[in-house]
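S.K.: Pasting in a structure now, in structure tokens, and then I'll have a few things to ask.
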Amino acid sequence: MKTKIAKIKDLSDPDLLWAAELIKKGEIVAFPTETVYGLGADALDPQAVKKIYVAKGRPSDNPLIVHIASVEQLYEVAAAVPETAELLAERFWPGPLTMILPKSEKIPPEITAGLDTVAIRMPNHPVALELIRKSGLPIAAPSANLSGKPSPTSAKHVAKDLYGRIALILDGGETIVGLESTVLDLCGAIPTVLRPGGVTAEELRDVLGDVRIAAEISDNDEKPRSPGMKYTHYKPAADVLLFEGPAARVAEKMNGMIARYKQQGRKAGLLVTSELAAMLDAGSCEIRLMGSRDDLPGIAANIFALLREFDETDVDIILAEGLPGQDIGMAIMNRLSKASGYNIIRC
Ligand code: TXA
Ligand code: MG
């Protein structure tokens, strides 16, 4: 299949109209959101949805998020909308918050992997919103990467993974948030974060009071409740080792390992803040700077692109710096822990 990458300059672009036609015809299209790029299909068409799983190589027991462009559509895709969901929609939509609610009969089981709940979000990106409006449909979309790879934050990343597998990639530039949405389960007694993301737990508590963080986010032994959480994820070609602890101790430990790798003739990649980089004897290592420790949103925006950049180098191993787990740091650490396969060195 030939893949067209279409730069969308304004919302009257004919390629955006073509994308909506493809969705209506049961085809799949990659499009930008504020978090990461998505791979979309008509959420009401099981055959179209199956094409997403095939293109990504995604396990069929990992359910998809349904994207909407108006609050009216929320009542179409959810069977019940509690007051908390309305409050959250008012505060955070359009934006990086996905709510899990009971699913309406319209939503086919292919989307929800057979669950009786559905994940719903209104993305904050003009191209995504216009695509949903022009197609007149709710759009099911996972991140537009090959299953297991870091999520795409540019059209180039999507093309790297899915070129030849899909007809059209809408290019809306680099995404702003850079990490996927927060997944919040509203079906239990206490709202529970199943995946930390663009909206922080602190922001949710502001609106809801009590909010739980699912045990598997901090404790890896628990059985994951968000089905997608159990798979290898965000992994570059080289193995990742994640370092946690005070900067001075992390620097000492990393310097020791860098020296050892050098002796062994192995090449290390370093994924570190500018502050830690200043404390390292990096030699000929491939360094990728995340940004400053004081700018966690900036780091969030960069992290997936940097993980992908190591695939363009010949590094054998990637040493990554851990960050404080507050605010958006919780989401960054969640993705880095997964990228490392929970290979974490506590210093
Ligand atoms: O920011 C985002 O959320 C991006 C953009 C494209 O919107 N989408 C995204 O989709 O990250 P995906 O498929 O990569 O991740 C969806 C997550 C998975 O962890 C999945 O298991 C969970 O949401 N999920 C979906 N439906 C669920 C449900 N009914 N119950 C629990 N978890 C669910
Ligand atoms: Mg994904």
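Naming scheme: A, B, ... for chains in displayed order of the structure tokens; residues 1 onward per chain; ligands 1 onward as shown.
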Just list the residues in segment 71-200 of chain A DSSP gives alpha helix (DSSP H) on the backbone, as a PyMOL selection string.

M.R.: chain A and resi 71-77+83-92+109-112+126-135+155-162

S.K.: Output N, CA, C and O atoms of each residue in that selection to a file, as a compact mmCIF listing (two decimals), in the first residue's frame.

M.R.:
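Listed below is the output, result-v9.txt:
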```txt
# COMPACT_ATOMS: atom_id res chain seq x y z
N VAL A 71 -19.63 17.04 23.60
CA VAL A 71 -20.13 16.34 24.79
C VAL A 71 -21.36 15.50 24.42
O VAL A 71 -21.61 14.45 25.01
N GLU A 72 -22.12 15.92 23.37
CA GLU A 72 -23.27 15.11 22.92
C GLU A 72 -22.82 13.69 22.56
O GLU A 72 -23.51 12.72 22.85
N GLN A 73 -21.65 13.60 21.93
CA GLN A 73 -21.16 12.27 21.52
C GLN A 73 -20.84 11.39 22.72
O GLN A 73 -20.86 10.17 22.62
N LEU A 74 -20.54 12.01 23.87
CA LEU A 74 -20.27 11.24 25.09
C LEU A 74 -21.49 10.39 25.44
O LEU A 74 -21.36 9.22 25.82
N TYR A 75 -22.68 10.98 25.26
CA TYR A 75 -23.91 10.26 25.61
C TYR A 75 -24.24 9.18 24.58
O TYR A 75 -25.02 8.27 24.85
N GLU A 76 -23.62 9.29 23.40
CA GLU A 76 -23.83 8.29 22.36
C GLU A 76 -22.96 7.04 22.64
O GLU A 76 -23.40 5.92 22.40
N VAL A 77 -21.75 7.26 23.16
CA VAL A 77 -20.83 6.12 23.30
C VAL A 77 -20.81 5.53 24.71
O VAL A 77 -20.41 4.38 24.89
N GLU A 83 -22.19 12.31 37.27
CA GLU A 83 -21.93 13.74 37.39
C GLU A 83 -20.43 14.05 37.41
O GLU A 83 -19.98 15.06 36.87
N THR A 84 -19.66 13.13 38.02
CA THR A 84 -18.21 13.34 38.06
C THR A 84 -17.64 13.45 36.65
O THR A 84 -16.76 14.27 36.38
N ALA A 85 -18.16 12.62 35.72
CA ALA A 85 -17.66 12.65 34.34
C ALA A 85 -17.99 14.00 33.69
O ALA A 85 -17.17 14.57 32.96
N GLU A 86 -19.19 14.50 34.00
CA GLU A 86 -19.56 15.81 33.43
C GLU A 86 -18.65 16.91 33.96
O GLU A 86 -18.20 17.78 33.22
N LEU A 87 -18.35 16.84 35.26
CA LEU A 87 -17.45 17.83 35.87
C LEU A 87 -16.07 17.78 35.24
O LEU A 87 -15.46 18.81 34.91
N LEU A 88 -15.58 16.55 35.07
CA LEU A 88 -14.23 16.37 34.51
C LEU A 88 -14.19 16.84 33.06
O LEU A 88 -13.20 17.46 32.63
N ALA A 89 -15.25 16.54 32.32
CA ALA A 89 -15.30 16.95 30.90
C ALA A 89 -15.25 18.48 30.82
O ALA A 89 -14.53 19.05 29.98
N GLU A 90 -15.99 19.11 31.70
CA GLU A 90 -16.02 20.58 31.70
C GLU A 90 -14.64 21.17 31.99
O GLU A 90 -14.21 22.13 31.37
N ARG A 91 -13.94 20.52 32.92
CA ARG A 91 -12.64 21.05 33.36
C ARG A 91 -11.50 20.69 32.41
O ARG A 91 -10.63 21.48 32.15
N PHE A 92 -11.49 19.44 31.88
CA PHE A 92 -10.29 18.96 31.18
C PHE A 92 -10.47 18.69 29.69
O PHE A 92 -9.49 18.37 29.01
N PRO A 109 -17.72 -4.86 20.55
CA PRO A 109 -16.77 -5.47 21.50
C PRO A 109 -15.33 -5.46 20.99
O PRO A 109 -14.40 -5.54 21.79
N GLU A 110 -15.13 -5.33 19.68
CA GLU A 110 -13.76 -5.27 19.12
C GLU A 110 -12.98 -4.09 19.70
O GLU A 110 -11.76 -4.14 19.81
N ILE A 111 -13.67 -3.01 20.04
CA ILE A 111 -13.00 -1.83 20.59
C ILE A 111 -12.61 -2.03 22.04
O ILE A 111 -11.56 -1.59 22.49
N THR A 112 -13.51 -2.67 22.78
CA THR A 112 -13.32 -2.73 24.23
C THR A 112 -12.69 -4.06 24.66
O THR A 112 -12.60 -4.34 25.85
N PRO A 126 -6.81 20.80 16.79
CA PRO A 126 -7.79 21.21 15.78
C PRO A 126 -7.96 20.17 14.67
O PRO A 126 -9.09 19.96 14.20
N VAL A 127 -6.87 19.51 14.25
CA VAL A 127 -6.98 18.53 13.14
C VAL A 127 -7.77 17.31 13.61
O VAL A 127 -8.66 16.82 12.90
N ALA A 128 -7.50 16.83 14.83
CA ALA A 128 -8.23 15.67 15.36
C ALA A 128 -9.72 16.01 15.48
O ALA A 128 -10.59 15.24 15.06
N LEU A 129 -10.02 17.17 16.05
CA LEU A 129 -11.42 17.55 16.26
C LEU A 129 -12.15 17.70 14.92
O LEU A 129 -13.29 17.25 14.76
N GLU A 130 -11.47 18.31 13.94
CA GLU A 130 -12.11 18.51 12.63
C GLU A 130 -12.31 17.17 11.91
O GLU A 130 -13.32 16.98 11.23
N LEU A 131 -11.38 16.24 12.08
CA LEU A 131 -11.52 14.91 11.47
C LEU A 131 -12.76 14.20 12.03
O LEU A 131 -13.54 13.60 11.29
N ILE A 132 -12.94 14.31 13.35
CA ILE A 132 -14.11 13.68 13.98
C ILE A 132 -15.40 14.35 13.48
O ILE A 132 -16.36 13.69 13.10
N ARG A 133 -15.37 15.69 13.43
CA ARG A 133 -16.56 16.43 12.97
C ARG A 133 -16.89 16.11 11.52
O ARG A 133 -18.04 15.84 11.18
N LYS A 134 -15.86 16.15 10.66
CA LYS A 134 -16.11 15.94 9.22
C LYS A 134 -16.59 14.53 8.94
O LYS A 134 -17.37 14.31 8.02
N SER A 135 -16.10 13.55 9.71
CA SER A 135 -16.55 12.17 9.47
C SER A 135 -17.92 11.95 10.11
O SER A 135 -18.65 11.04 9.72
N ALA A 155 4.75 13.08 12.67
CA ALA A 155 4.32 12.27 11.52
C ALA A 155 5.46 11.37 11.04
O ALA A 155 5.23 10.26 10.56
N LYS A 156 6.69 11.85 11.20
CA LYS A 156 7.87 11.07 10.80
C LYS A 156 7.94 9.76 11.61
O LYS A 156 8.24 8.70 11.06
N HIS A 157 7.65 9.83 12.90
CA HIS A 157 7.65 8.60 13.72
C HIS A 157 6.59 7.62 13.23
O HIS A 157 6.80 6.42 13.20
N VAL A 158 5.41 8.17 12.89
CA VAL A 158 4.33 7.30 12.41
C VAL A 158 4.79 6.61 11.13
O VAL A 158 4.63 5.39 10.97
N ALA A 159 5.38 7.39 10.22
CA ALA A 159 5.82 6.83 8.94
C ALA A 159 6.87 5.74 9.16
O ALA A 159 6.86 4.70 8.51
N LYS A 160 7.76 5.97 10.10
CA LYS A 160 8.82 4.98 10.40
C LYS A 160 8.19 3.62 10.75
O LYS A 160 8.67 2.59 10.33
N ASP A 161 7.11 3.66 11.52
CA ASP A 161 6.48 2.40 11.98
C ASP A 161 5.46 1.86 10.98
O ASP A 161 5.33 0.65 10.83
N LEU A 162 4.69 2.74 10.34
CA LEU A 162 3.49 2.26 9.63
C LEU A 162 3.51 2.51 8.13
O LEU A 162 2.51 2.26 7.45
```

S.K.: When the cut-off is 10 Å and you count only C-alpha atoms and all ligand atoms, which residues lie near ligand 2, shown as a list in words?

M.R.: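 The distance check yields Val36, Tyr37, Gly38, Leu39, Lys56, Arg58, Asn62, Leu64, Ile65, Ala141, Pro142, Ser143, Ala144, Asn145, Leu146, Ser147, Gly148, Lys149, Pro150, Ser151, Pro152, Leu179, Glu180, Gly228, Met229, His233 and Tyr234 of chain A.
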
S.K.: Using DSSP on the backbone coordinates, identify the residues of segment 32-269 of chain A assigned to strand (DSSP E); present them as a short mmCIF file (atom, residue, chain, number, x, y, z; two decimals) with all heavy atoms, in the first residue's frame.

M.R.:
```cif
data_model
loop_
_atom_site.label_atom_id
_atom_site.label_comp_id
_atom_site.auth_asym_id
_atom_site.auth_seq_id
_atom_site.Cartn_x
_atom_site.Cartn_y
_atom_site.Cartn_z
N GLY A 38 -2.47 9.40 16.73
CA GLY A 38 -3.39 8.27 16.85
C GLY A 38 -3.59 7.61 15.49
O GLY A 38 -3.34 8.21 14.44
N LEU A 39 -4.05 6.35 15.52
CA LEU A 39 -4.39 5.62 14.30
C LEU A 39 -5.89 5.34 14.37
O LEU A 39 -6.32 4.50 15.16
CB LEU A 39 -3.59 4.32 14.21
CG LEU A 39 -3.84 3.45 12.98
CD1 LEU A 39 -3.53 4.22 11.70
CD2 LEU A 39 -3.00 2.17 13.04
N GLY A 40 -6.67 6.07 13.57
CA GLY A 40 -8.11 6.12 13.76
C GLY A 40 -8.93 5.27 12.81
O GLY A 40 -8.54 5.04 11.67
N ALA A 41 -10.09 4.83 13.31
CA ALA A 41 -11.10 4.13 12.50
C ALA A 41 -12.47 4.48 13.05
O ALA A 41 -12.60 4.89 14.21
CB ALA A 41 -10.88 2.63 12.58
N ASP A 42 -13.50 4.29 12.23
CA ASP A 42 -14.90 4.45 12.65
C ASP A 42 -15.15 3.55 13.87
O ASP A 42 -15.07 2.33 13.77
CB ASP A 42 -15.79 4.06 11.46
CG ASP A 42 -17.27 4.04 11.84
OD1 ASP A 42 -17.61 4.28 13.01
OD2 ASP A 42 -18.09 3.78 10.93
N ILE A 65 -9.18 3.58 22.72
CA ILE A 65 -9.86 4.79 23.20
C ILE A 65 -10.76 5.33 22.08
O ILE A 65 -10.34 5.40 20.93
CB ILE A 65 -8.83 5.86 23.61
CG1 ILE A 65 -8.00 5.37 24.80
CG2 ILE A 65 -9.54 7.19 23.95
CD1 ILE A 65 -6.82 6.28 25.18
N VAL A 66 -11.99 5.71 22.43
CA VAL A 66 -12.90 6.33 21.47
C VAL A 66 -12.78 7.85 21.59
O VAL A 66 -12.92 8.41 22.68
CB VAL A 66 -14.36 5.89 21.72
CG1 VAL A 66 -15.32 6.65 20.83
CG2 VAL A 66 -14.49 4.38 21.49
N HIS A 67 -12.48 8.50 20.47
CA HIS A 67 -12.27 9.96 20.45
C HIS A 67 -13.53 10.66 19.96
O HIS A 67 -14.12 10.27 18.95
CB HIS A 67 -11.09 10.31 19.55
CG HIS A 67 -9.78 9.78 20.06
ND1 HIS A 67 -9.47 8.44 20.06
CD2 HIS A 67 -8.70 10.41 20.61
CE1 HIS A 67 -8.26 8.27 20.59
NE2 HIS A 67 -7.78 9.44 20.93
N LEU A 97 -7.24 13.74 28.97
CA LEU A 97 -7.88 12.89 29.98
C LEU A 97 -8.82 11.90 29.27
O LEU A 97 -9.69 12.30 28.50
CB LEU A 97 -8.70 13.73 30.96
CG LEU A 97 -9.49 12.89 31.99
CD1 LEU A 97 -8.53 12.18 32.95
CD2 LEU A 97 -10.48 13.74 32.76
N THR A 98 -8.62 10.60 29.56
CA THR A 98 -9.50 9.54 29.04
C THR A 98 -10.30 9.00 30.20
O THR A 98 -9.73 8.67 31.24
CB THR A 98 -8.65 8.43 28.40
OG1 THR A 98 -7.99 8.96 27.26
CG2 THR A 98 -9.51 7.25 27.99
N MET A 99 -11.64 8.93 30.02
CA MET A 99 -12.48 8.40 31.09
C MET A 99 -13.02 7.03 30.71
O MET A 99 -13.45 6.83 29.58
CB MET A 99 -13.67 9.34 31.33
CG MET A 99 -13.27 10.73 31.75
SD MET A 99 -14.75 11.60 32.31
CE MET A 99 -14.69 13.06 31.30
N ILE A 100 -12.98 6.11 31.69
CA ILE A 100 -13.57 4.78 31.48
C ILE A 100 -14.97 4.80 32.06
O ILE A 100 -15.16 5.07 33.25
CB ILE A 100 -12.75 3.68 32.20
CG1 ILE A 100 -11.27 3.76 31.85
CG2 ILE A 100 -13.33 2.30 31.91
CD1 ILE A 100 -10.89 3.32 30.49
N LEU A 101 -15.96 4.52 31.19
CA LEU A 101 -17.37 4.53 31.59
C LEU A 101 -18.06 3.28 31.04
O LEU A 101 -17.52 2.62 30.14
CB LEU A 101 -18.05 5.78 31.01
CG LEU A 101 -17.58 7.13 31.60
CD1 LEU A 101 -18.14 8.29 30.79
CD2 LEU A 101 -18.01 7.24 33.07
N PRO A 102 -19.25 2.96 31.54
CA PRO A 102 -19.98 1.83 30.95
C PRO A 102 -20.23 2.10 29.47
O PRO A 102 -20.57 3.21 29.10
CB PRO A 102 -21.30 1.82 31.73
CG PRO A 102 -21.07 2.65 32.94
CD PRO A 102 -20.00 3.63 32.62
N THR A 117 -16.99 -1.83 29.55
CA THR A 117 -16.67 -0.41 29.71
C THR A 117 -15.98 0.09 28.45
O THR A 117 -15.46 -0.71 27.67
CB THR A 117 -15.72 -0.19 30.90
OG1 THR A 117 -14.55 -1.00 30.70
CG2 THR A 117 -16.38 -0.58 32.21
N VAL A 118 -15.97 1.43 28.28
CA VAL A 118 -15.29 2.01 27.12
C VAL A 118 -14.47 3.22 27.55
O VAL A 118 -14.86 3.95 28.46
CB VAL A 118 -16.31 2.39 26.02
CG1 VAL A 118 -17.32 3.42 26.52
CG2 VAL A 118 -15.60 2.89 24.75
N ALA A 119 -13.31 3.40 26.91
CA ALA A 119 -12.43 4.54 27.19
C ALA A 119 -12.80 5.67 26.23
O ALA A 119 -12.91 5.44 25.02
CB ALA A 119 -10.98 4.12 26.99
N ILE A 120 -12.99 6.89 26.76
CA ILE A 120 -13.47 8.01 25.93
C ILE A 120 -12.62 9.25 26.19
O ILE A 120 -12.32 9.59 27.34
CB ILE A 120 -14.93 8.35 26.27
CG1 ILE A 120 -15.81 7.09 26.22
CG2 ILE A 120 -15.47 9.42 25.31
CD1 ILE A 120 -17.15 7.26 26.91
N ARG A 121 -12.28 9.95 25.09
CA ARG A 121 -11.54 11.19 25.27
C ARG A 121 -11.85 12.17 24.16
O ARG A 121 -12.10 11.79 23.02
CB ARG A 121 -10.06 10.85 25.38
CG ARG A 121 -9.08 11.73 24.68
CD ARG A 121 -7.67 11.36 25.10
NE ARG A 121 -6.72 11.57 24.02
CZ ARG A 121 -6.14 12.74 23.75
NH1 ARG A 121 -6.39 13.80 24.51
NH2 ARG A 121 -5.30 12.86 22.74
N ILE A 139 -14.30 8.29 16.75
CA ILE A 139 -13.15 7.62 16.13
C ILE A 139 -12.34 6.85 17.17
O ILE A 139 -11.84 7.43 18.14
CB ILE A 139 -12.25 8.65 15.39
CG1 ILE A 139 -13.03 9.23 14.20
CG2 ILE A 139 -10.94 8.00 14.92
CD1 ILE A 139 -12.23 10.18 13.32
N ALA A 140 -12.26 5.54 16.96
CA ALA A 140 -11.44 4.70 17.84
C ALA A 140 -9.99 4.85 17.42
O ALA A 140 -9.69 4.76 16.23
CB ALA A 140 -11.85 3.23 17.72
N ALA A 141 -9.10 5.09 18.38
CA ALA A 141 -7.69 5.26 18.00
C ALA A 141 -6.74 4.93 19.13
O ALA A 141 -6.81 5.54 20.20
CB ALA A 141 -7.43 6.69 17.53
N LEU A 168 -2.93 6.88 4.71
CA LEU A 168 -2.77 8.32 4.91
C LEU A 168 -2.31 8.66 6.33
O LEU A 168 -2.82 8.13 7.32
CB LEU A 168 -4.13 9.00 4.63
CG LEU A 168 -4.21 10.52 4.80
CD1 LEU A 168 -3.25 11.26 3.88
CD2 LEU A 168 -5.65 11.00 4.56
N ILE A 169 -1.33 9.57 6.39
CA ILE A 169 -0.89 10.14 7.67
C ILE A 169 -1.13 11.65 7.58
O ILE A 169 -0.56 12.31 6.71
CB ILE A 169 0.61 9.88 7.93
CG1 ILE A 169 0.91 8.38 7.96
CG2 ILE A 169 1.06 10.56 9.23
CD1 ILE A 169 2.41 8.04 7.94
N LEU A 170 -1.96 12.19 8.47
CA LEU A 170 -2.14 13.64 8.53
C LEU A 170 -1.02 14.21 9.39
O LEU A 170 -0.85 13.80 10.54
CB LEU A 170 -3.50 14.00 9.13
CG LEU A 170 -4.73 13.52 8.36
CD1 LEU A 170 -6.01 13.94 9.10
CD2 LEU A 170 -4.73 14.04 6.92
N ASP A 171 -0.26 15.13 8.82
CA ASP A 171 0.90 15.70 9.53
C ASP A 171 0.48 17.04 10.13
O ASP A 171 0.27 18.01 9.41
CB ASP A 171 2.06 15.86 8.54
CG ASP A 171 3.32 16.41 9.21
OD1 ASP A 171 3.25 16.79 10.39
OD2 ASP A 171 4.37 16.43 8.53
N THR A 182 -4.03 10.65 30.41
CA THR A 182 -4.30 9.98 31.68
C THR A 182 -5.55 9.12 31.50
O THR A 182 -6.55 9.60 30.99
CB THR A 182 -4.58 11.03 32.77
OG1 THR A 182 -3.45 11.90 32.82
CG2 THR A 182 -4.83 10.41 34.12
N VAL A 183 -5.47 7.84 31.88
CA VAL A 183 -6.66 6.97 31.81
C VAL A 183 -7.24 6.87 33.22
O VAL A 183 -6.57 6.40 34.15
CB VAL A 183 -6.32 5.57 31.25
CG1 VAL A 183 -7.56 4.68 31.26
CG2 VAL A 183 -5.75 5.68 29.83
N LEU A 184 -8.50 7.33 33.37
CA LEU A 184 -9.16 7.38 34.68
C LEU A 184 -10.40 6.50 34.66
O LEU A 184 -11.31 6.71 33.86
CB LEU A 184 -9.55 8.83 35.00
CG LEU A 184 -10.21 9.04 36.36
CD1 LEU A 184 -9.18 8.86 37.49
CD2 LEU A 184 -10.85 10.43 36.46
N ASP A 185 -10.43 5.52 35.55
CA ASP A 185 -11.57 4.60 35.64
C ASP A 185 -12.63 5.21 36.56
O ASP A 185 -12.36 5.44 37.75
CB ASP A 185 -11.08 3.25 36.20
CG ASP A 185 -12.17 2.19 36.17
OD1 ASP A 185 -13.32 2.53 35.82
OD2 ASP A 185 -11.86 1.04 36.51
N THR A 192 -10.10 5.97 39.76
CA THR A 192 -8.78 5.36 39.81
C THR A 192 -7.98 5.63 38.53
O THR A 192 -8.48 5.38 37.43
CB THR A 192 -8.91 3.83 40.01
OG1 THR A 192 -9.65 3.60 41.21
CG2 THR A 192 -7.55 3.16 40.13
N VAL A 193 -6.77 6.14 38.71
CA VAL A 193 -5.88 6.36 37.56
C VAL A 193 -5.27 5.03 37.16
O VAL A 193 -4.56 4.39 37.93
CB VAL A 193 -4.75 7.36 37.92
CG1 VAL A 193 -3.74 7.47 36.78
CG2 VAL A 193 -5.34 8.73 38.24
N LEU A 194 -5.58 4.59 35.92
CA LEU A 194 -5.03 3.33 35.41
C LEU A 194 -3.74 3.57 34.63
O LEU A 194 -2.92 2.68 34.49
CB LEU A 194 -6.05 2.62 34.50
CG LEU A 194 -7.41 2.30 35.11
CD1 LEU A 194 -8.26 1.54 34.10
CD2 LEU A 194 -7.24 1.48 36.38
N ARG A 195 -3.63 4.78 34.06
CA ARG A 195 -2.38 5.16 33.36
C ARG A 195 -2.13 6.63 33.64
O ARG A 195 -2.97 7.46 33.31
CB ARG A 195 -2.52 4.92 31.86
CG ARG A 195 -1.28 5.38 31.08
CD ARG A 195 -1.38 5.10 29.58
NE ARG A 195 -2.31 5.99 28.92
CZ ARG A 195 -2.59 5.95 27.61
NH1 ARG A 195 -2.02 5.02 26.85
NH2 ARG A 195 -3.44 6.79 27.08
N ARG A 212 -7.61 7.44 43.47
CA ARG A 212 -6.62 6.38 43.71
C ARG A 212 -5.68 6.24 42.52
O ARG A 212 -6.06 6.55 41.39
CB ARG A 212 -7.36 5.03 43.87
CG ARG A 212 -7.51 4.60 45.31
CD ARG A 212 -8.26 3.28 45.48
NE ARG A 212 -8.36 2.45 44.31
CZ ARG A 212 -7.50 1.46 43.98
NH1 ARG A 212 -6.46 1.21 44.74
NH2 ARG A 212 -7.70 0.73 42.90
N ILE A 213 -4.47 5.77 42.78
CA ILE A 213 -3.55 5.43 41.69
C ILE A 213 -3.51 3.90 41.66
O ILE A 213 -3.25 3.28 42.69
CB ILE A 213 -2.12 5.96 41.97
CG1 ILE A 213 -2.14 7.44 42.36
CG2 ILE A 213 -1.20 5.70 40.77
CD1 ILE A 213 -2.53 8.38 41.26
N ASP A 239 18.56 -2.27 24.95
CA ASP A 239 17.98 -2.37 26.29
C ASP A 239 18.16 -1.05 27.03
O ASP A 239 19.13 -0.33 26.82
CB ASP A 239 18.68 -3.48 27.08
CG ASP A 239 18.21 -4.85 26.61
OD1 ASP A 239 17.14 -4.92 25.97
OD2 ASP A 239 18.91 -5.84 26.87
N VAL A 240 17.24 -0.75 27.93
CA VAL A 240 17.30 0.47 28.73
C VAL A 240 17.51 0.08 30.20
O VAL A 240 16.86 -0.83 30.71
CB VAL A 240 15.98 1.28 28.61
CG1 VAL A 240 16.03 2.52 29.50
CG2 VAL A 240 15.71 1.66 27.16
N LEU A 241 18.44 0.78 30.88
CA LEU A 241 18.62 0.64 32.33
C LEU A 241 18.21 1.96 32.96
O LEU A 241 18.73 3.02 32.56
CB LEU A 241 20.09 0.39 32.66
CG LEU A 241 20.62 -1.04 32.68
CD1 LEU A 241 22.10 -1.00 33.07
CD2 LEU A 241 19.83 -1.87 33.67
N LEU A 242 17.33 1.92 33.93
CA LEU A 242 16.84 3.16 34.55
C LEU A 242 17.48 3.35 35.92
O LEU A 242 17.48 2.42 36.74
CB LEU A 242 15.31 3.10 34.66
CG LEU A 242 14.60 4.29 35.26
CD1 LEU A 242 14.88 5.56 34.47
CD2 LEU A 242 13.09 4.03 35.32
N PHE A 243 18.03 4.54 36.17
CA PHE A 243 18.72 4.84 37.43
C PHE A 243 17.86 5.75 38.29
O PHE A 243 17.40 6.79 37.83
CB PHE A 243 20.05 5.55 37.16
CG PHE A 243 21.08 4.65 36.53
CD1 PHE A 243 20.93 4.22 35.22
CD2 PHE A 243 22.19 4.23 37.25
CE1 PHE A 243 21.86 3.39 34.63
CE2 PHE A 243 23.13 3.39 36.67
CZ PHE A 243 22.97 2.97 35.36
N GLU A 244 17.71 5.37 39.57
CA GLU A 244 16.95 6.22 40.49
C GLU A 244 17.80 6.56 41.70
O GLU A 244 18.56 5.70 42.16
CB GLU A 244 15.70 5.48 40.97
CG GLU A 244 14.55 5.56 40.00
CD GLU A 244 13.29 4.93 40.58
OE1 GLU A 244 13.20 4.79 41.82
OE2 GLU A 244 12.43 4.58 39.80
N ALA A 268 27.55 2.83 24.97
CA ALA A 268 26.38 3.20 25.77
C ALA A 268 25.74 4.47 25.23
O ALA A 268 26.42 5.35 24.72
CB ALA A 268 26.79 3.40 27.22
N GLY A 269 24.43 4.55 25.35
CA GLY A 269 23.70 5.78 25.10
C GLY A 269 23.26 6.35 26.44
O GLY A 269 22.98 5.59 27.38
#
```

S.K.: Have a look at A:Asp316, A:Glu34, A:Asp206, A:Glu252 and name the one nearest to Met122 of chain A; count only C-alpha atoms.

M.R.: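 Closest residue, counting only C-alpha atoms: A:Glu34.
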
S.K.: Need the shell around Lys253 of chain A: protein/DNA/RNA residues with any atom at most 12 Å away, counting only C-alpha atoms. Skip same-chain ones fewer than 6 positions apart. Format as a list in words?

M.R.: Leu241, Leu242, Phe243, Glu244, Gly245, Pro246, Ala247, Ala259, Arg260, Leu276, Met279, Leu280, Asp281, Leu319, Ala320, Glu321, Ile345, Arg346 and Cys347 of chain A

S.K.: Could you tell me which of A:Pro46, A:Gly197, A:Gly57, A:Gly209 comes closest to Gly178 of chain A if we count only C-alpha atoms?

M.R.: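 Among the listed residues, the smallest separation from Gly178 of chain A belongs to A:Gly197.
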
S.K.: So, with only C-alpha atoms and all ligand atoms as the atoms that count, which of A:Ser70, A:Gln326, A:Asn334, A:Gln264 lies closest to ligand 1?

M.R.: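 Answer, going by the shortest atom-to-atom distance: A:Asn334.
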
S.K.: Within 12 Å of Ser284 of chain A, counting only C-alpha atoms, which residues show up once you throw out same-chain ones fewer than 5 positions away? Write them as a VMD selection string, please.

M.R.: chain A and resid 258 to 259 261 to 262 265 to 270 314 to 315

S.K.: Write a file of the just-selected residues containing N, CA, C and O atoms, as a short mmCIF file (atom, residue, chain, number, x, y, z; two decimals), in the first residue's frame.

M.R.:
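Generated output (part-v2.cif):
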```cif
data_model
loop_
_atom_site.label_atom_id
_atom_site.label_comp_id
_atom_site.auth_asym_id
_atom_site.auth_seq_id
_atom_site.Cartn_x
_atom_site.Cartn_y
_atom_site.Cartn_z
N ILE A 258 29.81 3.39 32.57
CA ILE A 258 30.32 3.90 31.28
C ILE A 258 31.76 3.39 31.08
O ILE A 258 32.12 2.91 30.01
N ALA A 259 32.56 3.47 32.16
CA ALA A 259 33.97 3.02 32.07
C ALA A 259 34.03 1.53 31.77
O ALA A 259 34.82 1.07 30.94
N TYR A 261 31.71 -0.39 30.31
CA TYR A 261 31.28 -0.67 28.93
C TYR A 261 32.41 -0.36 27.95
O TYR A 261 32.61 -1.08 26.99
N LYS A 262 33.12 0.74 28.22
CA LYS A 262 34.19 1.14 27.31
C LYS A 262 35.25 0.03 27.23
O LYS A 262 35.68 -0.35 26.14
N GLY A 265 34.24 -2.73 25.13
CA GLY A 265 34.02 -2.40 23.72
C GLY A 265 32.55 -2.25 23.39
O GLY A 265 32.15 -2.36 22.23
N ARG A 266 31.72 -1.99 24.41
CA ARG A 266 30.29 -1.79 24.16
C ARG A 266 30.00 -0.30 24.19
O ARG A 266 30.62 0.46 24.92
N LYS A 267 29.03 0.10 23.38
CA LYS A 267 28.72 1.52 23.30
C LYS A 267 27.43 1.85 24.06
O LYS A 267 26.40 1.24 23.82
N ALA A 268 27.55 2.83 24.97
CA ALA A 268 26.38 3.20 25.77
C ALA A 268 25.74 4.47 25.23
O ALA A 268 26.42 5.35 24.72
N GLY A 269 24.43 4.55 25.35
CA GLY A 269 23.70 5.78 25.10
C GLY A 269 23.26 6.35 26.44
O GLY A 269 22.98 5.59 27.38
N LEU A 270 23.25 7.66 26.56
CA LEU A 270 22.86 8.29 27.83
C LEU A 270 21.63 9.16 27.59
O LEU A 270 21.64 10.04 26.73
N ASP A 314 24.27 3.29 17.02
CA ASP A 314 24.72 1.90 17.18
C ASP A 314 24.93 1.56 18.66
O ASP A 314 25.79 0.75 18.99
N VAL A 315 24.16 2.19 19.56
CA VAL A 315 24.38 1.91 20.98
C VAL A 315 23.91 0.50 21.33
O VAL A 315 22.97 -0.02 20.74
#
```

S.K.: With only C-alpha atoms and all ligand atoms as the atoms that count, which of A:Ser12, A:Asn124, A:Ser181, A:Asn255 lies nearest to ligand 1?

M.R.: A:Ser181
